[in-house]
>>> print(open('model_6.txt').read())   # compact mmCIF, C-alpha atoms
# COMPACT_ATOMS: atom_id res chain seq x y z
CA MET T 7 -5.83 -5.71 -29.29
CA GLY T 8 -6.58 -2.91 -31.70
CA VAL T 9 -6.28 -0.43 -28.86
CA LEU T 10 -2.90 -1.77 -27.87
CA ARG T 11 -1.58 -1.54 -31.40
CA ALA T 12 -2.90 1.99 -31.72
CA MET T 13 -1.13 2.96 -28.49
CA ARG T 14 2.14 1.48 -29.68
CA ALA T 15 1.85 3.12 -33.07
CA ARG T 16 1.32 6.56 -31.57
CA PRO T 17 4.48 8.62 -32.01
CA VAL T 18 6.21 9.59 -28.80
CA ASP T 19 5.47 13.28 -28.98
CA VAL T 20 4.08 13.80 -25.50
CA ALA T 21 5.48 17.02 -24.11
CA THR T 22 7.42 16.60 -20.89
CA ASP T 23 5.29 17.47 -17.89
CA PRO T 24 7.21 20.04 -15.84
CA ASN T 25 5.76 18.56 -12.66
CA ASP T 26 6.95 15.10 -13.60
CA PRO T 27 10.06 15.30 -15.81
CA LEU T 28 10.62 11.55 -15.47
CA GLY T 29 7.05 10.64 -16.38
CA ASP T 30 7.82 10.13 -20.04
CA LEU T 31 10.66 7.70 -19.29
CA LEU T 32 8.37 5.79 -16.97
CA ARG T 33 5.63 5.53 -19.60
CA ARG T 34 8.15 4.19 -22.10
CA ALA T 35 9.44 1.73 -19.50
CA GLY T 36 5.83 0.65 -18.94
CA ARG T 37 5.71 -0.40 -22.59
CA GLY T 38 8.71 -2.67 -22.06
CA ASP T 39 11.44 -0.23 -23.11
CA GLN T 40 14.48 -1.38 -21.13
CA SER T 41 16.75 1.43 -22.29
CA ALA T 42 14.22 3.97 -21.00
CA PHE T 43 14.20 2.09 -17.71
CA ALA T 44 18.01 2.22 -17.60
CA GLU T 45 17.79 6.02 -17.93
CA LEU T 46 15.19 6.07 -15.20
CA TYR T 47 17.55 4.04 -13.03
CA ASP T 48 20.34 6.55 -13.58
CA ALA T 49 18.04 9.41 -12.57
CA LEU T 50 16.51 7.75 -9.51
CA SER T 51 19.11 5.37 -8.09
CA PRO T 52 20.93 7.88 -5.81
CA LEU T 53 17.54 8.84 -4.33
CA VAL T 54 16.27 5.28 -3.91
CA TYR T 55 19.56 3.95 -2.56
CA GLY T 56 19.99 6.98 -0.28
CA VAL T 57 16.55 6.58 1.31
CA VAL T 58 16.96 2.84 1.77
CA LEU T 59 20.47 3.19 3.21
CA LYS T 60 19.31 5.83 5.65
CA VAL T 61 16.67 3.50 7.08
CA VAL T 62 18.37 0.12 6.74
CA ARG T 63 21.93 1.37 7.53
CA ASP T 64 23.70 -1.77 6.32
CA PRO T 65 25.07 -1.15 2.76
CA SER T 66 24.73 -4.73 1.52
CA GLN T 67 21.13 -4.97 2.74
CA ALA T 68 20.45 -1.53 1.28
CA GLU T 69 21.65 -2.77 -2.09
CA GLU T 70 19.27 -5.75 -1.93
CA VAL T 71 16.31 -3.60 -0.96
CA ALA T 72 17.11 -0.99 -3.65
CA GLN T 73 17.17 -3.79 -6.22
CA GLU T 74 13.72 -4.95 -5.04
CA VAL T 75 12.44 -1.40 -5.37
CA PHE T 76 13.64 -1.02 -8.95
CA VAL T 77 12.28 -4.38 -10.05
CA GLU T 78 8.93 -3.42 -8.52
CA LEU T 79 9.00 -0.06 -10.35
CA TRP T 80 9.60 -2.00 -13.56
CA ARG T 81 6.77 -4.49 -12.90
CA LEU T 82 4.28 -1.78 -11.99
CA ALA T 83 5.40 0.89 -14.48
CA ALA T 84 2.29 0.52 -16.67
CA ARG T 85 0.04 0.99 -13.63
CA PHE T 86 1.64 4.25 -12.52
CA ASP T 87 -1.07 6.80 -11.74
CA GLY T 88 0.17 10.34 -12.32
CA THR T 89 -2.72 11.80 -10.33
CA LYS T 90 -1.12 10.37 -7.17
CA GLY T 91 2.12 12.34 -7.51
CA SER T 92 5.24 12.41 -9.64
CA THR T 93 7.44 9.50 -10.69
CA LYS T 94 10.06 10.68 -8.24
CA THR T 95 7.57 10.77 -5.37
CA TRP T 96 6.42 7.28 -6.30
CA ALA T 97 10.01 6.00 -6.22
CA ALA T 98 10.78 7.73 -2.90
CA THR T 99 7.54 6.38 -1.36
CA LEU T 100 8.21 2.83 -2.54
CA ALA T 101 11.86 2.97 -1.44
CA HIS T 102 10.90 4.05 2.06
CA ARG T 103 8.11 1.47 2.32
CA ARG T 104 10.39 -1.41 1.27
CA ALA T 105 13.14 -0.24 3.63
CA ILE T 106 10.60 -0.17 6.46
CA ASP T 107 9.38 -3.64 5.53
CA ARG T 108 12.96 -4.89 5.74
CA VAL T 109 13.77 -3.40 9.14
CA ARG T 110 10.44 -4.50 10.64
CA SER T 111 10.76 -8.08 9.45
CA GLU T 112 14.36 -8.18 10.71
CA GLN T 113 13.17 -6.84 14.03
CA ALA T 114 10.39 -9.40 14.27
CA SER T 115 12.76 -12.28 13.59
CA ARG T 116 15.23 -11.22 16.21
CA VAL T 117 15.03 -11.53 19.95
CA ARG T 118 14.41 -8.08 21.27
CA GLN T 119 17.27 -6.83 23.35
CA ASP T 120 16.87 -4.51 26.24
CA ARG T 121 18.22 -1.25 25.11
CA ASP T 122 18.97 1.99 26.81
CA VAL T 123 16.25 4.12 25.33
CA ASN T 124 18.00 7.39 25.90
CA GLN T 125 21.18 6.10 24.33
CA THR T 126 19.21 5.11 21.25
CA ILE T 127 17.84 8.58 20.87
CA ARG T 128 21.25 10.15 21.39
CA ASP T 129 22.73 7.85 18.75
CA GLU T 130 20.10 8.76 16.22
CA ARG T 131 20.54 12.46 16.85
CA ASP T 132 24.30 12.18 16.43
CA VAL T 133 23.86 10.46 13.10
CA VAL T 134 21.57 13.22 11.89
CA ALA T 135 24.00 15.91 13.04
CA ALA T 136 26.98 14.18 11.44
CA GLU T 137 25.25 14.08 8.09
CA VAL T 138 24.76 17.81 7.75
CA GLU T 139 26.67 18.64 4.63
CA SER T 140 26.90 21.54 2.29
CA SER T 141 24.59 20.45 -0.52
CA PHE T 142 21.71 22.80 -1.19
CA ASP T 143 19.00 20.20 -0.59
CA GLN T 144 20.54 19.13 2.66
CA VAL T 145 20.83 22.67 3.94
CA ARG T 146 17.27 23.47 2.91
CA VAL T 147 15.80 20.37 4.55
CA ARG T 148 17.95 20.78 7.63
CA ARG T 149 16.82 24.38 7.99
CA ALA T 150 13.19 23.37 7.56
CA LEU T 151 13.53 20.63 10.17
CA LEU T 152 15.00 23.16 12.58
CA GLN T 153 11.77 25.18 12.36
CA LEU T 154 9.97 22.30 14.07
CA SER T 155 9.71 22.08 17.83
CA GLU T 156 12.16 19.63 19.35
CA LEU T 157 9.45 17.06 20.00
CA GLN T 158 7.98 17.45 16.50
CA ARG T 159 11.43 17.03 14.95
CA ASP T 160 12.37 14.03 17.08
CA ALA T 161 9.07 12.34 16.31
CA VAL T 162 9.26 12.91 12.54
CA GLU T 163 12.93 11.90 12.36
CA LEU T 164 12.57 8.78 14.48
CA ALA T 165 9.67 7.71 12.26
CA TYR T 166 11.09 8.56 8.82
CA PHE T 167 14.82 8.00 9.32
CA GLY T 168 14.60 5.52 12.17
CA GLY T 169 11.78 3.43 10.71
CA HIS T 170 9.84 3.31 13.99
CA THR T 171 6.05 3.28 14.24
CA TYR T 172 4.55 6.24 16.10
CA ARG T 173 3.76 3.89 19.01
CA GLU T 174 7.45 2.93 19.17
CA VAL T 175 8.37 6.60 18.94
CA ALA T 176 6.13 7.24 21.95
CA VAL T 177 8.10 4.67 23.97
CA LEU T 178 11.43 6.04 22.77
CA LEU T 179 10.50 9.60 23.71
CA ASP T 180 8.56 8.56 26.80
CA VAL T 181 5.44 10.52 25.88
CA ALA T 182 1.82 9.48 25.29
CA GLU T 183 0.91 7.91 21.93
CA GLY T 184 -1.70 10.58 21.31
CA THR T 185 0.93 13.27 21.86
CA VAL T 186 3.29 11.67 19.34
CA LYS T 187 0.47 11.29 16.81
CA SER T 188 -0.36 14.98 16.98
CA ARG T 189 3.32 16.07 17.04
CA ILE T 190 3.94 14.01 13.92
CA ARG T 191 0.97 15.63 12.24
CA ASP T 192 1.89 19.16 13.33
CA GLY T 193 5.52 18.52 12.37
CA MET T 194 4.63 17.32 8.89
CA ILE T 195 2.33 20.29 8.31
CA ARG T 196 5.10 22.65 9.42
CA LEU T 197 7.64 20.87 7.23
CA ARG T 198 5.29 21.00 4.26
CA ASP T 199 4.82 24.75 4.73
CA GLU T 200 8.56 25.34 5.15
CA LEU T 201 9.59 23.34 2.10
CA GLY T 202 6.79 24.62 -0.11
CA GLY T 203 6.07 23.18 -3.52
CA GLU T 204 9.61 22.84 -4.89
CA SER T 205 11.10 19.43 -5.42
CA MET D 9 -10.67 4.57 17.21
CA THR D 10 -13.02 7.32 16.12
CA ASP D 11 -13.37 8.85 12.68
CA ILE D 12 -11.43 11.89 13.76
CA ASP D 13 -8.52 9.69 14.73
CA VAL D 14 -8.52 8.10 11.31
CA HIS D 15 -8.21 11.54 9.66
CA HIS D 16 -5.28 12.37 11.90
CA LEU D 17 -3.29 9.37 10.74
CA ALA D 18 -2.44 10.81 7.30
CA ALA D 19 0.97 12.14 8.37
CA ALA D 20 1.95 8.96 10.20
CA TYR D 21 0.76 6.95 7.20
CA ALA D 22 2.91 8.99 4.80
CA LEU D 23 5.87 8.38 7.13
CA ASP D 24 5.16 4.60 7.15
CA ALA D 25 4.81 4.95 10.92
CA LEU D 26 1.58 2.95 11.32
CA ASP D 27 1.50 -0.69 12.33
CA ASP D 28 -0.16 -3.16 9.96
CA ARG D 29 -3.61 -2.90 11.52
CA GLU D 30 -3.74 0.86 11.42
CA ARG D 31 -2.29 0.95 7.94
CA THR D 32 -5.07 -1.35 6.74
CA ALA D 33 -7.71 0.74 8.49
CA PHE D 34 -6.33 3.96 7.08
CA GLU D 35 -6.01 2.64 3.55
CA ALA D 36 -9.63 1.56 3.61
CA HIS D 37 -10.61 5.03 4.78
CA TYR D 38 -8.52 7.39 2.72
CA GLY D 39 -9.53 6.15 -0.70
CA SER D 40 -12.92 7.72 -0.07
CA CYS D 41 -11.78 10.74 1.96
CA GLU D 42 -10.78 13.76 -0.09
CA VAL D 43 -9.10 15.50 2.87
CA CYS D 44 -6.89 12.55 3.76
CA ARG D 45 -6.01 11.85 0.15
CA THR D 46 -4.84 15.41 -0.36
CA ASP D 47 -2.91 15.30 2.92
CA VAL D 48 -1.13 12.08 1.96
CA LEU D 49 -0.21 13.41 -1.50
CA GLU D 50 1.16 16.63 -0.03
CA PHE D 51 3.06 14.90 2.76
CA ARG D 52 4.59 12.48 0.28
CA HIS D 53 5.67 15.40 -1.86
CA THR D 54 7.27 16.98 1.20
CA LEU D 55 9.02 13.73 2.10
CA THR D 56 10.35 13.45 -1.45
CA GLN D 57 12.20 16.69 -0.76
CA VAL D 58 13.53 15.25 2.47
CA ALA D 59 14.55 12.15 0.50
CA ASP D 60 16.42 14.40 -1.93
CA SER D 61 18.70 15.40 0.93
CA LEU D 62 19.58 11.75 1.50
CA VAL D 63 20.93 10.91 -1.96
CA ALA D 64 23.88 8.53 -1.87
CA PRO D 65 25.82 6.93 -4.71
CA PRO D 66 24.64 3.34 -5.13
CA PRO D 67 27.20 0.55 -5.55
CA MET D 68 28.35 0.21 -9.17
CA SER D 69 27.19 -3.40 -9.24
CA LEU D 70 23.56 -2.49 -8.56
CA LYS D 71 22.64 -1.32 -12.04
CA ASP D 72 23.76 -4.56 -13.70
CA LYS D 73 21.83 -6.61 -11.14
CA VAL D 74 18.69 -4.54 -11.64
CA MET D 75 18.86 -4.62 -15.43
CA ALA D 76 19.55 -8.37 -15.47
CA GLU D 77 16.48 -9.04 -13.30
CA VAL D 78 14.38 -6.58 -15.30
CA ALA D 79 15.24 -8.44 -18.50
CA THR D 80 13.61 -11.60 -17.11
CA THR D 81 10.70 -10.01 -15.23
CA ARG D 82 7.26 -9.73 -16.80
CA GLN D 83 5.52 -6.39 -16.33
CA LEU D 84 1.95 -6.17 -15.08
CA SER D 85 -0.62 -5.01 -17.60
CA PRO D 86 -2.27 -1.64 -17.11
CA LEU D 87 -5.71 -1.71 -15.48
CA VAL D 88 -8.03 -1.44 -18.49
CA ALA D 89 -10.92 -3.22 -20.26
CA PRO D 90 -11.93 -5.26 -17.25
CA VAL D 91 -15.32 -6.62 -18.39
CA VAL D 92 -14.04 -8.66 -21.30
CA ALA D 93 -11.09 -9.88 -19.30
CA LEU D 94 -13.31 -11.17 -16.52
CA ASP D 95 -15.60 -13.03 -18.92
CA GLU D 96 -12.70 -14.71 -20.62
CA ARG D 97 -11.17 -15.73 -17.36
CA ARG D 98 -14.40 -17.29 -16.22
CA ARG D 99 -14.70 -19.33 -19.38
CA ALA D 100 -11.05 -20.28 -19.38
CA ARG D 101 -10.98 -21.88 -15.98
CA SER D 102 -12.58 -25.20 -15.26
CA LEU D 103 -14.98 -25.79 -12.44
CA MET D 104 -12.37 -28.15 -11.07
CA SER D 105 -10.41 -25.28 -9.57
CA MET D 106 -13.39 -24.40 -7.45
CA ALA D 107 -13.89 -28.00 -6.45
CA ALA D 108 -10.25 -28.26 -5.46
CA ALA D 109 -10.25 -25.05 -3.47
CA ALA D 110 -13.46 -25.72 -1.67
CA ALA D 111 -12.67 -29.42 -1.20
CA ALA D 112 -15.67 -31.25 0.12
CA ILE D 113 -17.33 -28.18 1.49
CA VAL D 114 -20.85 -27.60 0.26
CA MET D 115 -21.61 -23.96 0.38
CA ILE D 116 -25.16 -23.10 1.24
CA VAL D 117 -26.43 -19.59 1.40
CA VAL D 118 -28.47 -18.89 4.45
CA GLY D 119 -29.19 -15.37 3.41
CA VAL D 120 -27.97 -11.85 3.32
CA VAL D 121 -27.51 -10.95 6.93
CA SER D 122 -26.49 -7.36 6.71
CA PHE D 123 -25.56 -5.17 3.83
CA ARG D 124 -24.21 -1.65 3.85
CA GLY D 125 -23.01 -0.17 0.62
CA GLY D 126 -19.87 1.71 -0.35
CA ASP D 127 -21.82 4.95 -0.68
CA GLU D 128 -21.35 5.52 3.03
CA PRO D 129 -17.56 5.72 3.32
CA ASP D 130 -17.54 7.32 6.77
CA THR D 131 -19.83 4.66 8.15
CA PHE D 132 -17.62 2.03 6.61
CA ALA D 133 -14.48 3.56 8.11
CA ALA D 134 -16.16 3.63 11.52
CA ASP D 135 -17.24 0.00 11.09
CA LEU D 136 -13.73 -1.00 10.12
CA ALA D 137 -12.20 0.89 13.04
CA ARG D 138 -14.65 -0.81 15.43
CA VAL D 139 -13.74 -4.26 14.13
CA MET D 140 -10.00 -3.56 14.19
CA GLU D 141 -10.18 -2.37 17.78
CA GLN D 142 -11.34 -5.79 19.00
CA PRO D 143 -8.55 -7.79 20.63
CA ASP D 144 -9.47 -10.85 18.56
CA SER D 145 -9.67 -9.03 15.23
CA GLN D 146 -7.97 -10.66 12.27
CA VAL D 147 -7.13 -9.43 8.80
CA LEU D 148 -6.57 -11.66 5.80
CA SER D 149 -5.57 -10.85 2.24
CA LEU D 150 -7.32 -13.28 -0.04
CA ASP D 151 -5.12 -15.02 -2.60
CA SER D 152 -5.97 -14.33 -6.20
CA GLN D 153 -6.66 -17.49 -8.21
CA GLY D 154 -5.82 -17.89 -11.87
CA GLY D 155 -4.62 -14.32 -12.29
CA ALA D 156 -7.77 -12.54 -11.09
CA GLU D 157 -7.06 -8.81 -10.88
CA GLY D 158 -7.42 -6.61 -7.84
CA THR D 159 -7.23 -7.33 -4.13
CA PHE D 160 -9.68 -8.49 -1.48
CA ARG D 161 -9.10 -8.24 2.23
CA VAL D 162 -11.38 -9.30 5.05
CA ALA D 163 -11.14 -8.05 8.61
CA TRP D 164 -13.36 -9.63 11.23
CA SER D 165 -13.87 -10.17 14.90
CA ASN D 166 -15.60 -13.27 16.20
CA SER D 167 -16.36 -11.64 19.52
CA LEU D 168 -18.04 -8.70 17.82
CA GLY D 169 -19.66 -10.91 15.19
CA GLU D 170 -18.84 -8.48 12.39
CA ALA D 171 -16.71 -8.59 9.29
CA VAL D 172 -15.66 -5.91 6.83
CA LEU D 173 -14.82 -6.68 3.25
CA MET D 174 -12.45 -4.46 1.28
CA GLY D 175 -11.99 -5.06 -2.42
CA GLU D 176 -9.79 -2.73 -4.44
CA ASP D 177 -8.61 -2.23 -8.04
CA LEU D 178 -11.25 -4.69 -9.21
CA PRO D 179 -12.55 -5.07 -12.74
CA THR D 180 -16.23 -4.12 -12.94
CA THR D 181 -18.36 -7.22 -13.38
CA PRO D 182 -20.64 -7.62 -16.42
CA ASP D 183 -24.11 -6.03 -16.01
CA ASP D 184 -25.91 -9.08 -14.68
CA LYS D 185 -23.05 -10.29 -12.46
CA ALA D 186 -21.62 -9.30 -9.08
CA TYR D 187 -18.89 -10.28 -6.64
CA GLU D 188 -19.96 -12.56 -3.81
CA LEU D 189 -18.22 -13.23 -0.53
CA TRP D 190 -18.51 -16.70 0.98
CA LEU D 191 -17.86 -17.47 4.61
CA ILE D 192 -16.96 -21.13 4.88
CA THR D 193 -17.12 -23.06 8.15
CA PRO D 194 -15.84 -26.57 8.86
CA ASP D 195 -19.35 -28.01 9.23
CA SER D 196 -20.18 -26.48 5.86
CA SER D 197 -23.54 -25.24 7.07
CA THR D 198 -22.95 -21.51 6.95
CA ALA D 199 -22.18 -19.23 4.09
CA MET D 200 -23.01 -15.63 3.45
CA TYR D 201 -22.88 -13.33 0.53
CA VAL D 202 -22.66 -9.75 -0.51
CA LEU D 203 -23.35 -8.72 -4.04
CA ASP D 204 -21.43 -5.88 -5.55
CA PRO D 205 -20.44 -5.19 -9.15
CA ALA D 206 -17.50 -2.97 -8.12
CA LYS D 207 -18.65 -0.09 -10.32
CA ASP D 208 -15.81 2.17 -9.18
CA GLY D 209 -13.33 -0.68 -8.78
CA ASN D 210 -13.98 -0.95 -5.05
CA VAL D 211 -16.15 -3.14 -2.85
CA HIS D 212 -16.63 -2.03 0.75
CA HIS D 213 -19.12 -3.83 2.95
CA THR D 214 -19.82 -4.49 6.59
CA LEU D 215 -21.45 -7.79 7.48
CA LYS D 216 -22.69 -9.70 10.47
CA ALA D 217 -20.45 -12.74 10.74
CA ALA D 218 -21.86 -14.93 13.45
CA ALA D 219 -19.88 -18.08 12.75
CA ASN D 220 -16.16 -18.72 13.17
CA PRO D 221 -14.89 -18.86 9.61
CA SER D 222 -12.40 -21.46 8.46
CA ALA D 223 -12.04 -19.84 5.04
CA TRP D 224 -13.21 -16.88 3.00
CA ALA D 225 -13.76 -17.00 -0.75
CA ILE D 226 -14.96 -14.75 -3.56
CA THR D 227 -16.83 -15.83 -6.68
CA VAL D 228 -18.67 -13.95 -9.40
CA GLU D 229 -22.39 -14.79 -9.43
CA PRO D 230 -25.57 -13.62 -11.12
CA ALA D 231 -26.50 -10.21 -9.66
CA THR D 232 -29.79 -11.66 -8.47
CA GLY D 233 -27.89 -14.00 -6.18
CA SER D 234 -27.38 -17.73 -6.25
CA ALA D 235 -28.10 -20.41 -3.68
CA THR D 236 -24.79 -22.16 -4.17
CA ALA D 237 -21.59 -20.93 -5.77
CA THR D 238 -21.73 -21.29 -9.54
CA GLY D 239 -18.65 -19.30 -10.50
CA ASP D 240 -15.03 -20.24 -10.01
CA ILE D 241 -13.39 -19.15 -6.80
CA ILE D 242 -11.33 -16.15 -7.86
CA PHE D 243 -10.03 -15.24 -4.38
CA VAL D 244 -9.64 -17.50 -1.38
CA ALA D 245 -7.89 -17.61 2.00
CA ASP D 246 -7.86 -20.18 4.78
CA VAL D 247 -8.10 -18.81 8.29
>>> encode(input="model_6.txt", output="structure tokens")
Amino acid sequence: MGVLRAMRARPVDVATDPNDPLGDLLRRAGRGDQSAFAELYDALSPLVYGVVLKVVRDPSQAEEVAQEVFVELWRLAARFDGTKGSTKTWAATLAHRRAIDRVRSEQASRVRQDRDVNQTIRDERDVVAAEVESSFDQVRVRRALLQLSELQRDAVELAYFGGHTYREVAVLLDVAEGTVKSRIRDGMIRLRDELGGES
Amino acid sequence: MTDIDVHHLAAAYALDALDDRERTAFEAHYGSCEVCRTDVLEFRHTLTQVADSLVAPPPMSLKDKVMAEVATTRQLSPLVAPVVALDERRRARSLMSMAAAAAAIVMIVVGVVSFRGGDEPDTFAADLARVMEQPDSQVLSLDSQGGAEGTFRVAWSNSLGEAVLMGEDLPTTPDDKAYELWLITPDSSTAMYVLDPAKDGNVHHTLKAAANPSAWAITVEPATGSATATGDIIFVADV
């Protein structure tokens, strides 16, 4: 108990970590500070909602999932481990994971329909192309993705944006699972090198 | 699945492109693999930049919903001071909870069958991969009882006769105590144990599991072992 009191009594004079500008807000939220969490929401909600919407597609479901993500960030705030990446990376990771959980459980509860595989791929490519806009981040990411081979890019996009497992991606692209696994790996390494350390 | 395959799953893991089995196998592996951990951190950082290109304005109503739920949601405590917490929990709970959970099953230890420690992460990963590859393999997350901290998962294959135990984010047990795994069968004649104090918060073991389990349970016992369970069941799952 003494430790807890000492922690609370400590003045908030922690310098902002340039690698994690939101870390201080998260630490305050972890101590139950709801106004700090509201600020964190303002900073992260376009990212969280954007990731979830991209995967889930349906805006009302995306809103539900985004709400789950924020409540989980609140619950777990005190357990955040800064050695595993920034607050923003944590939020983006959790948002994507929860969006994936939603689409996979939806898929499992539905009767699978026979789909034209090639049509599916064309649809997903069209969506990606239609979303190229002028913002700096979008241009930078788009340019980096274009440095990947076509198969690398398709595999990474179908997994991250489409929410498919690599085995499902293999079926969609009609290539061997091992090939998809290595294209995903090569693609992510290439993307990492293209995008560098900025965030 | 070989060890090399496990290493190569870091990118697919960061993309959430593994199925549940592979995700479990990879998570058990990468905690102890410096290369994979670095890969995952870097890939997640890269994907955060991709995520930045996806930003979209959330509905105005979302913030009010979030803040209303936050106001009535208890936050989890940070992971600290585990030894005292564990002792208090053990005292606080009655032996009745164990009796209820185990019902009429008498748990008898027939002995430590096989025991490989967490100091051999690569061996453990290979063991886990071997078990998960079996067509009859099953994975269970054990349910925490009475607020016990951490997670325990068991993966096993009856055809292979092996089980792997994965405990994570666990409080370290007091010096003379250790976590024990109990395999419970309907005829109540078989149980097994591993003893591990979870010094680094993790418990990773491979065991011979000859019998078809009907339930798995975890208790905290004297480090020297005990013939029957004396501690409360802190994690349990029916098969």
>>> interface_residues(input="model_6.txt", of="chain D", to="chain T", cutoff="7 Å", atoms="all atoms listed in the file", output="number ranges by chain")
D: 19-20, 23-27, 49, 51-54, 56-66, 70, 74, 78, 82-87
>>> atom_distance(input="model_6.txt", atom1="CA of Ser145 (chain D)", atom2="CA of Phe160 (chain D)")
16.7 Å
>>> atom_distance(input="model_6.txt", atom1="CA of Leu189 (chain D)", atom2="CA of Glu35 (chain D)")
20.4 Å
>>> atom_distance(input="model_6.txt", atom1="CA of Val43 (chain D)", atom2="CA of Val14 (chain D)")
11.2 Å
>>> closest_residue(input="model_6.txt", among="T:Leu31, T:Leu100, T:Ala49, T:Leu157", to="Leu179 (chain T)", atoms="all atoms listed in the file")
T:Leu157
>>> residues_around(input="model_6.txt", residues="Thr181 (chain D)", least_positions_apart="2", cutoff="7 Å", atoms="all atoms listed in the file", output="PyMOL selection string")
chain D and resi 91+179+183+185-186+205-206
>>> write_last_selection(input="model_6.txt", atoms="C-alpha atoms", output="short mmCIF file (atom, residue, chain, number, x, y, z; two decimals), in the frame of the given file")
data_model
loop_
_atom_site.label_atom_id
_atom_site.label_comp_id
_atom_site.auth_asym_id
_atom_site.auth_seq_id
_atom_site.Cartn_x
_atom_site.Cartn_y
_atom_site.Cartn_z
CA VAL D 91 -15.32 -6.62 -18.39
CA PRO D 179 -12.55 -5.07 -12.74
CA ASP D 183 -24.11 -6.03 -16.01
CA LYS D 185 -23.05 -10.29 -12.46
CA ALA D 186 -21.62 -9.30 -9.08
CA PRO D 205 -20.44 -5.19 -9.15
CA ALA D 206 -17.50 -2.97 -8.12
#
>>> decode(input="model_6.txt", residues="region 15-51 of chain D", atoms="C-alpha atoms", output="PDB file, in the first residue's frame")
ATOM      1  CA  HIS D  15      10.796 -18.437 -36.929  1.00  0.00           C
ATOM      2  CA  HIS D  16       9.321 -17.647 -40.315  1.00  0.00           C
ATOM      3  CA  LEU D  17       5.876 -17.005 -38.886  1.00  0.00           C
ATOM      4  CA  ALA D  18       6.767 -13.641 -37.297  1.00  0.00           C
ATOM      5  CA  ALA D  19       5.473 -11.581 -40.242  1.00  0.00           C
ATOM      6  CA  ALA D  20       2.248 -13.556 -40.571  1.00  0.00           C
ATOM      7  CA  TYR D  21       1.779 -13.308 -36.808  1.00  0.00           C
ATOM      8  CA  ALA D  22       2.185  -9.516 -36.869  1.00  0.00           C
ATOM      9  CA  LEU D  23      -0.411  -9.404 -39.665  1.00  0.00           C
ATOM     10  CA  ASP D  24      -2.823 -11.570 -37.591  1.00  0.00           C
ATOM     11  CA  ALA D  25      -2.705 -14.022 -40.490  1.00  0.00           C
ATOM     12  CA  LEU D  26      -2.185 -17.204 -38.448  1.00  0.00           C
ATOM     13  CA  ASP D  27      -4.999 -19.534 -37.479  1.00  0.00           C
ATOM     14  CA  ASP D  28      -5.576 -20.186 -33.771  1.00  0.00           C
ATOM     15  CA  ARG D  29      -3.313 -23.228 -33.576  1.00  0.00           C
ATOM     16  CA  GLU D  30      -0.362 -21.550 -35.220  1.00  0.00           C
ATOM     17  CA  ARG D  31      -0.892 -18.393 -33.224  1.00  0.00           C
ATOM     18  CA  THR D  32      -0.723 -20.416 -30.006  1.00  0.00           C
ATOM     19  CA  ALA D  33       2.385 -22.246 -31.177  1.00  0.00           C
ATOM     20  CA  PHE D  34       4.087 -19.036 -32.216  1.00  0.00           C
ATOM     21  CA  GLU D  35       3.219 -17.183 -29.022  1.00  0.00           C
ATOM     22  CA  ALA D  36       4.724 -19.993 -26.980  1.00  0.00           C
ATOM     23  CA  HIS D  37       7.870 -19.786 -29.079  1.00  0.00           C
ATOM     24  CA  TYR D  38       8.523 -16.101 -29.527  1.00  0.00           C
ATOM     25  CA  GLY D  39       8.574 -15.126 -25.872  1.00  0.00           C
ATOM     26  CA  SER D  40      11.877 -16.945 -25.609  1.00  0.00           C
ATOM     27  CA  CYS D  41      13.239 -16.165 -29.085  1.00  0.00           C
ATOM     28  CA  GLU D  42      15.090 -12.871 -29.365  1.00  0.00           C
ATOM     29  CA  VAL D  43      15.045 -12.912 -33.187  1.00  0.00           C
ATOM     30  CA  CYS D  44      11.292 -13.414 -33.456  1.00  0.00           C
ATOM     31  CA  ARG D  45      10.551 -10.884 -30.743  1.00  0.00           C
ATOM     32  CA  THR D  46      12.556  -8.224 -32.543  1.00  0.00           C
ATOM     33  CA  ASP D  47      10.905  -9.140 -35.846  1.00  0.00           C
ATOM     34  CA  VAL D  48       7.417  -8.864 -34.375  1.00  0.00           C
ATOM     35  CA  LEU D  49       8.170  -5.485 -32.753  1.00  0.00           C
ATOM     36  CA  GLU D  50       9.591  -4.108 -35.990  1.00  0.00           C
ATOM     37  CA  PHE D  51       6.781  -5.463 -38.147  1.00  0.00           C
TER      38      PHE D  51
END
